[in-house]
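Read through the structure below, which is laid out as structure tokens, and then see the notes.
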Amino acid sequence: MAMFPTVLRQPDRVMGATDESPYRFEEDLQAECPVQYEYRVEKNSAKVIVYPSGAPVKFLKLRFRADLSFVEAVCGDEWERCGSGGPIEWRSMMNHRRLPWFCYLRSGQQLGCYGVKTGADCFAFWQADTHGLTLFLNLMNGNSGTDLQSGLVACEVVERIAPEGETPYEAAAAFAGVMCEHPVLPKAPVYGVNNWYWAYGRITHDSVMVETDYLMEMVGDTKNRPYMIIDDGWQFNRTTSSPAYIGGPWYAGEHFGDMEKTAASIHEKGAKAGIWFRPLLTLGRIPDEARLWLNAGGQIMDPSHPYTLERVQTDAARISGWGYELIKHDFTSHDLFESSVLASTHGVNLMGGGRKFYDKTKTMATIIKNLYKAIQTGAGDTDIIGCNVIGHLSAGIHSMQRVGGDTSGRSYEHTVRNGVNAMMRLPQNGNFFMIDPDCAAFTEKVSPEANLDFLEMCAITGVTTLASVTPGILTPEQMKRIRQIYQIADQNEKHYGIVNFEKTSLPEIFEGNGERREFDWTAVYDGSRSQLSWMQ
């Protein structure tokens with residue numbers, strides 16, 4: 001067996017930076033780190049505690065020297081959705097590669113797993129090289145350091161060395177359970193439809209009623225009711241002119257009327273009601289100090305300001321009160337960082353344009369967690385899918401997480417690159433939250449059989465099983481198969497794992513309870529598309 005090192009010991013070197021330190025602090029061979037910290041080793045973890053340091057704190061870098069020359073491949077996570085910073089994949093060792101939150105080191109069939117627990121109060125990434133491991137903590141507040149007022153447990157470091165005989169997939173799933181001790185999970189299986197990938201916002205109350213009728217025809221006789229999820233397009237101020245506006249305030253548009261009646265109508269047809277909203281973008285007057293920046297004719301609210309937290313909590317409570325049992329909140333990472341890619345090329349400056357936050361005493365990670373908590377508090381027991389959010393920070397708060405980039409009703413290549421690659425996060429399913437790899441999109445532009453395969457993969461692995469289905473598009477045979485798939489999702493008994501997890505970025509072989517299912521994601525294009533656009 002490989003001799004993986006431990007990081008539950010004092011680091012060999014610690015470097016830090018404050019607002020008064022030079023940016024290239026890593027080359028400063030100063031005798032003392034300017035950031036006051038404690039690396040408190042406990043029985044099964046180590047807490048990194050950061051204290052007020054005479055100037056706002058920015059970074060802390062912990063180095064653990066060790067011989068890792070035996071490692072054959074490395075895999076890590078992404079800050080946000082797969083595809084936002086690149087696919088999740090196994091690669092050779094690369095000194096400067098950032099591995100957000102955790103990393104798997106593979107030697108043969110054995111994994112050494114290193115990470116920080118979910119719910120950290122910093123952004124953390126690992127780096128692995130032949131001479132050791134580095135843990136980098138970003139403690140910034142926007143483009144500046146954080147003016148800490150007291151000691152902060154920035155993160156809790158954990159590790160797990162897989163025992164002999166455990167497969168890499170089993171090891172990854174077990175380590176996810178170590179990183180998140182108290183996951184929040186949906187109260188029932190989550191399957192049904194979301195209307196984005198066939199309608200793309202062109203929806204009305206009447207079109208949703210037609211969709212709901214079609215959904216009930218698709219599911220047949222099931223124990224748990226399916227979801228009819230209304231995506232972007234229902235809100236009052238939505239415009240598609242340039243620049244497009246898809247924000248709040250969160251009241252119904254004229255083409256929908258009373259959203260409470262819409263939810264009630266969905267319930268009467270036998271389905272659960274779900275809905276989408278973008279919490280931070282709004283129109284109208286807000287306090288100047290609660291405005292983060294202007295966007296698309298609206299304004300992004302600053303989640304470090306009490307006004308914003310009260311506002312998003314009230315919005316979530318209103319929507320839940322209308323009768324929606326699932327809320328999908330979206331765009332918060334984009335609205336905070338002006339990009340779905342959370343980090344710049346150097347991986348430490350998480351904000352652009354000199355962004356300043358109202359509360360300078362909290363790290364960005366803490367600010368973001370407080371935003372998620374405010375939304376969930378407002379929603380109460382309503383299940384929430386976080387979309388365009390930071391999964392490692394939403395775990396333990398929300399019950400579901402969109403783990404991949406957008407699939408597509410226009411090009412199946414998006415579904416393969418984003419939705420199938422998102423299944424590399426399957427070890428997190430049930431351990432962090434229920435994962436949502438996005439929708440199988442049934443339109444005239446994509447293969448229905450390929451989408452049925454994608455949907456079946458979702459059902460047998462126990463993740464969300466959601467489709468966007470153009471009403472009336474399915475043949476009798478396709479209708480029969482989708483009904484069978486939804487019944488698997490409703491029973492929620494088959495939780496297949498990934499075979500050859502350590503050799504792929506597009507899982508094709510799944511196994512559980514002695515059964516195996518194989519898919520061919522290359523069949524549609526006999527390979528992969530070289531030219532790709534969102535519209536075609």
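Residue numbering restarts at 1 for every chain of the structure tokens, chains are lettered A, B, ... in their displayed order, and ligands are numbered from 1 as they appear.
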Looking only at the backbone, which of the residues in region 128-283 of chain A does DSSP tag as strand (DSSP E), as number ranges by chain?
A: 128-129, 132-138, 152-161, 191-194, 227-230, 272-277, 281-282
Please provide the set of residues having any atom within 10 Å of Tyr307 (chain A), restricted to only C-alpha atoms, with same-chain residues fewer than 2 positions apart removed, written as a list in words.
Ile286, Pro287, Glu289, Ala290, Arg291, Met301, Asp302, Pro303, Ser304, His305, Leu309, Glu310, Arg311, Val312 and Gln313 of chain A
Quick one: pick out all alpha helix (DSSP H) residues within region 318-515 of chain A from a backbone DSSP run and write them as a VMD selection string.
chain A and resid 318 to 321 332 to 337 364 to 379 391 to 394 412 to 414 448 to 461 476 to 491
For the contact check between region 105-206 of chain A and region 462-478 of chain A, emit one row per residue of region 105-206 of chain A within 7 Å, containing the shortest atom pair and the distance in Å rounded to one decimal, counting only C-alpha atoms, chain then rising number order, as a tab-separated table.
residue	atom	partner	partner_atom	distance
A:Val190	CA	A:Thr464	CA	5.2
A:Tyr191	CA	A:Thr465	CA	4.5
A:Gly192	CA	A:Leu466	CA	5.0
A:Val193	CA	A:Ala467	CA	4.7
A:Asn194	CA	A:Ser468	CA	5.2
A:Asn195	CA	A:Ser468	CA	5.1
A:Trp196	CA	A:Ser468	CA	6.5
A:Tyr197	CA	A:Ser468	CA	5.4
A:Trp198	CA	A:Thr470	CA	5.7
Report the closest atom pair, with its distance in Å rounded to one decimal, for each residue of region 318-409 of chain A that has an atom no farther than 10 Å from region 525-536 of chain A; count only C-alpha atoms, sort by chain and then rising residue number, and write it as CSV.
residue,atom,partner,partner_atom,distance
A:Asp406,CA,A:Trp534,CA,9.4
A:Thr407,CA,A:Trp534,CA,9.7
A:Ser408,CA,A:Trp534,CA,7.9
A:Gly409,CA,A:Gln536,CA,9.0
Restricting the output to C-alpha atoms, write the selected residues as a CSV table (one decimal), in the first residue's frame.
chain,number,residue,atom,x,y,z
A,406,ASP,CA,-26.2,24.1,-18.3
A,407,THR,CA,-27.4,21.2,-20.4
A,408,SER,CA,-29.2,22.1,-23.6
A,409,GLY,CA,-32.3,21.7,-25.7
Excluding same-chain residues fewer than 5 positions from region 244-255 of chain A, what lies within 6 Å of it counting only C-alpha atoms, as a ChimeraX atom specification?
/A:204,234-236,238-239,278,281-282,296
Just the residues within 10 Å of region 503-514 of chain A, please, counting only C-alpha atoms, with nothing from its chain fewer than 3 positions along; format it as an MDAnalysis selection string.
chainID A and resid 73 87:91 168 416:424 426 457 460:461 494:500 517:521
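Counting only C-alpha atoms and comparing A:Ser333, A:His392, A:Ser320, A:Asn295, the residue that lies closest to Gly378 (chain A) is A:Ser320.
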Do you know which residues are at most 9 Å from Glu166 (chain A) counting only C-alpha atoms, after dropping those on the same chain fewer than 4 positions away, and could you put them as JSON, numbers by chain?
{"A": [109, 110, 111, 162, 170, 171]}
For Glu159 (chain A), the nearest of the candidates A:Val48, A:Leu215, A:Leu105, A:Ile275, counting only C-alpha atoms:
A:Leu105
Would you list the contacts of Gly430 (chain A) as a list in words, taking every protein, DNA or RNA residue within 12 Å and counting only C-alpha atoms, but skipping same-chain residues closer than 4 positions in sequence?
Ala173, Ala174, Ala176, Gly177, Cys180, Glu181, His182, Pro183, Val184, Leu185, Pro186, Lys187, Pro189, Ala395, Gly396, Ser399, Met400, Gln401, Arg425, Leu426, Met434, Ile435, Asp436, Thr461, Gly462, Val463, Thr464 and His495 of chain A
Using only C-alpha atoms for the distances, tell me which of A:Gly404, A:Lys328, A:Gly233, A:Ala199 is nearest to Ala441 (chain A).
A:Ala199
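With only C-alpha atoms as the atoms that count, the minimum distance from Glu493 (chain A) to the choices A:Ala459, A:Arg202, A:Thr314, A:Ile397 is reached by A:Ala459.
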Computed interatomic separation between CA of Ser144 (chain A) and CA of His96 (chain A) (Å)
23.3 Å
Nearest to Trp293 (chain A), restricted to only C-alpha atoms and choosing among A:Asp335, A:Ser69, A:Ala271, A:Lys223, comes out as A:Asp335
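Closest approach to Arg483 (chain A) among A:Val57, A:Ile266, A:Met216, A:Leu135: A:Met216, based on only C-alpha atoms.
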Which neighbours of Gly108 (chain A) fall inside 10 Å, counting only C-alpha atoms, when residues of the same chain fewer than 5 positions from it are skipped, and could you give them as a list in words?
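The neighbour list is Met1, Ala2, Phe70, Val71, Glu72, Ala73, Pro168 and Glu502 of chain A.
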Take CA of Asn388 (chain A) and CA of Pro437 (chain A) and report the distance between them in Å, one decimal.
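Atom-to-atom, CA of Asn388 (chain A) to CA of Pro437 (chain A), that is 12.3 Å.
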To one decimal in Å, tell me the separation between CA of Leu152 (chain A) and CA of Pro11 (chain A).
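Between these atoms lies a distance of 18.8 Å.
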